[in-house]
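> Please read through the structure below; I'll follow up with questions.
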Amino acid sequence: MYSNLFFATVLALAVNIPGHMAAAADLTEYRLGGARNAMVRIQQAGDKLKCEVLFVPVKAFVAAKNRELNRGKARLYCLRALGSWASAEKSQIIEVVGLTTIGPAMEGENLYTQSYEVHVGDVNGGKKMPTNNTPTSGVPDAVDVENEVMVSVGARGLLGRAADYIDMINQIANDLIIGIHIPNSPERDLLVAEKEDEVYALYESCWREVSADTLLLGEEKKSLDSYICESRKSVVIVLKKAYDDSLTTADEVPVEKSR
């Protein structure tokens, strides 16, 4: 999909062990793979962990949306690697508190890099909390609530290409739904139309990126196409409900009687 020459050079020094690669006594590299060839380097320095995330950036959308998606993916990759670092097993949940971004992201044409820091004691790998929502594909999941993070760890460290795209689609859907606010105003219909245009444009970009990935299997592309359609439909349903709710609110506003 993108030229990965530089990124492949970065990975060439690593030992090819599924899910992670040991590079030094205090530095471990976790090769997550996926559509972005994601890799995370975790190094312990005293009571802190320094995490460097590297991956092929999202470039299918407008610049602002690309930056937003890449920031979200960098944090998610970091959390997945921390789950592996904590030696969490399938159907366990670890807690990560206070994951802090270090410096600005380095946004190159073919490589996106972002660093994070967290106290060792704030990565709780000892809590064996069963979870019922571990993805069947074995790909880890993560939910970020402000600074407290719960990471559900799947069966393996490697991230499939299709699952990587699903992450992106889910992030887009979540951002769209959060941004749906339809006020009771004369501009209501125009705002809904503009939001609907945004929804279709973003999902069209998702579809183009998936279609252009020659490394995806035919069945994976077909499955992702259905996933994109269903995700878009769910967002449009939320938009319609917000519109209907705004009409109901308008009907309930009392009209002041003229004197």
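Each chain of the structure tokens is named A, B, ... in the order shown, its residues numbered from 1; ligands are numbered from 1 in display order.
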For region 236-243 of chain A, list every protein, DNA or RNA residue within 9 Å, evaluated using only C-alpha atoms, and leave out those in the same chain fewer than 6 positions away; present the list as a PyMOL selection string.

chain A and resi 177+180-183+188-189+192+195-196+199

> Those same residues, written as a PDB file, in the first residue's frame with C-alpha atoms?


ATOM      1  CA  ILE A 177     -20.850   9.779  16.943  1.00  0.00           C
ATOM      2  CA  ILE A 180     -23.126  14.582  16.524  1.00  0.00           C
ATOM      3  CA  HIS A 181     -24.914  17.524  18.157  1.00  0.00           C
ATOM      4  CA  ILE A 182     -28.059  18.736  16.431  1.00  0.00           C
ATOM      5  CA  PRO A 183     -29.343  21.967  18.007  1.00  0.00           C
ATOM      6  CA  ARG A 188     -30.797  22.201  11.860  1.00  0.00           C
ATOM      7  CA  ASP A 189     -31.508  20.659   8.425  1.00  0.00           C
ATOM      8  CA  VAL A 192     -27.599  17.341   9.413  1.00  0.00           C
ATOM      9  CA  LYS A 195     -22.788  15.853   8.843  1.00  0.00           C
ATOM     10  CA  GLU A 196     -24.171  13.180   6.558  1.00  0.00           C
ATOM     11  CA  VAL A 199     -19.955  10.516   7.228  1.00  0.00           C
TER      12      VAL A 199
END

> Residues near Glu220 (chain A), anyone? I mean within 9 Å using only C-alpha atoms, not counting same-chain ones fewer than 5 positions away, as a list in words.

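Once the adjacent positions are removed, what remains is Arg161, Ala162 and Asp225 of chain A.
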
> Nearest to Lys59 (chain A) among A:Glu109, A:Asp245, A:Asp197, A:Asp175, with distances taken over only C-alpha atoms: which residue is it?

A:Glu109

> Determine which residues of region 28-248 of chain A DSSP labels as strand (DSSP E) from the backbone of this structure, then write them out as an NGL selection string.

:A and (28-33 or 38-45 or 48-55 or 92-97 or 100-107 or 112-119 or 123-124 or 141-145 or 148-153)

> How would the residues just picked look written out with C-alpha atoms as an mmCIF file, in the first residue's frame?


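result_34.cif, freshly written:
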data_model
loop_
_atom_site.group_PDB
_atom_site.id
_atom_site.type_symbol
_atom_site.label_atom_id
_atom_site.label_comp_id
_atom_site.auth_asym_id
_atom_site.auth_seq_id
_atom_site.Cartn_x
_atom_site.Cartn_y
_atom_site.Cartn_z
ATOM 1 C CA THR A 28 12.307 -5.033 24.117
ATOM 2 C CA GLU A 29 10.790 -4.523 20.685
ATOM 3 C CA TYR A 30 7.228 -5.674 20.030
ATOM 4 C CA ARG A 31 6.423 -6.160 16.364
ATOM 5 C CA LEU A 32 2.648 -5.887 16.099
ATOM 6 C CA GLY A 33 2.569 -5.948 12.310
ATOM 7 C CA ALA A 38 3.531 -1.332 13.766
ATOM 8 C CA MET A 39 6.436 -1.786 16.145
ATOM 9 C CA VAL A 40 6.838 -0.627 19.750
ATOM 10 C CA ARG A 41 10.139 -0.347 21.640
ATOM 11 C CA ILE A 42 9.787 -0.497 25.425
ATOM 12 C CA GLN A 43 12.778 0.354 27.595
ATOM 13 C CA GLN A 44 12.848 0.392 31.392
ATOM 14 C CA ALA A 45 14.810 3.222 32.968
ATOM 15 C CA LYS A 48 9.709 4.312 34.351
ATOM 16 C CA LEU A 49 8.961 2.690 31.029
ATOM 17 C CA LYS A 50 9.738 4.602 27.850
ATOM 18 C CA CYS A 51 7.708 3.449 24.852
ATOM 19 C CA GLU A 52 8.518 4.412 21.273
ATOM 20 C CA VAL A 53 5.843 3.610 18.692
ATOM 21 C CA LEU A 54 6.663 3.388 14.973
ATOM 22 C CA PHE A 55 4.288 2.611 12.110
ATOM 23 C CA GLN A 92 -7.051 -10.962 31.290
ATOM 24 C CA ILE A 93 -7.292 -7.232 31.775
ATOM 25 C CA ILE A 94 -4.419 -5.009 32.766
ATOM 26 C CA GLU A 95 -4.655 -1.422 33.935
ATOM 27 C CA VAL A 96 -2.435 1.360 32.655
ATOM 28 C CA VAL A 97 -2.630 4.637 34.570
ATOM 29 C CA THR A 100 2.048 10.329 29.137
ATOM 30 C CA THR A 101 2.982 11.548 25.666
ATOM 31 C CA ILE A 102 6.628 12.612 25.339
ATOM 32 C CA GLY A 103 7.255 15.384 22.855
ATOM 33 C CA PRO A 104 5.592 15.882 19.466
ATOM 34 C CA ALA A 105 5.012 13.115 16.969
ATOM 35 C CA MET A 106 7.484 12.737 14.113
ATOM 36 C CA GLU A 107 5.317 12.608 10.997
ATOM 37 C CA TYR A 112 5.062 7.953 12.103
ATOM 38 C CA THR A 113 6.816 7.961 15.486
ATOM 39 C CA GLN A 114 5.460 8.883 18.917
ATOM 40 C CA SER A 115 6.957 8.291 22.369
ATOM 41 C CA TYR A 116 5.229 7.694 25.697
ATOM 42 C CA GLU A 117 6.219 7.250 29.328
ATOM 43 C CA VAL A 118 4.573 5.488 32.242
ATOM 44 C CA HIS A 119 5.634 4.395 35.739
ATOM 45 C CA VAL A 123 1.150 -0.996 34.489
ATOM 46 C CA ASN A 124 -0.753 -3.601 36.446
ATOM 47 C CA ASP A 141 -8.492 -4.277 22.492
ATOM 48 C CA ALA A 142 -8.124 -1.100 24.535
ATOM 49 C CA VAL A 143 -10.445 1.456 26.060
ATOM 50 C CA ASP A 144 -8.983 4.819 27.002
ATOM 51 C CA VAL A 145 -10.884 6.751 29.666
ATOM 52 C CA GLU A 148 -6.945 5.394 33.143
ATOM 53 C CA VAL A 149 -6.777 2.628 30.589
ATOM 54 C CA MET A 150 -8.120 -0.908 30.675
ATOM 55 C CA VAL A 151 -6.415 -3.186 28.168
ATOM 56 C CA SER A 152 -8.077 -6.458 27.233
ATOM 57 C CA VAL A 153 -5.346 -8.781 26.026
#

> One number please: CA of Phe61 (chain A) to CA of Leu202 (chain A), in Å, one decimal.

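Distance reported for this atom pair: 7.3 Å.
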
> Could you give me, as a tab-separated table, a per-residue list for region 31-83 of chain A showing, wherever an atom lies at most 12 Å from an atom of region 215-219 of chain A, the closest pair of atoms and their distance in Å to one decimal, using only C-alpha atoms and sorting by chain then residue number from low to high?


residue	atom	partner	partner_atom	distance
A:Gly34	CA	A:Leu215	CA	10.4
A:Ala35	CA	A:Leu215	CA	8.6
A:Arg36	CA	A:Leu215	CA	11.7

> Any idea what the distance is between CA of Ala163 (chain A) and CA of Tyr200 (chain A)?

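Between CA of Ala163 (chain A) and CA of Tyr200 (chain A) the gap is 21.4 Å.
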
> If DSSP is run on the backbone, what residues of region 79-121 of chain A are alpha helix (DSSP H)? A reply as a PyMOL selection string would be ideal.

chain A and resi 79-85

> What separation in Å, quoted to one decimal, exists between CA of Leu111 (chain A) and CA of Pro57 (chain A)?

6.0 Å
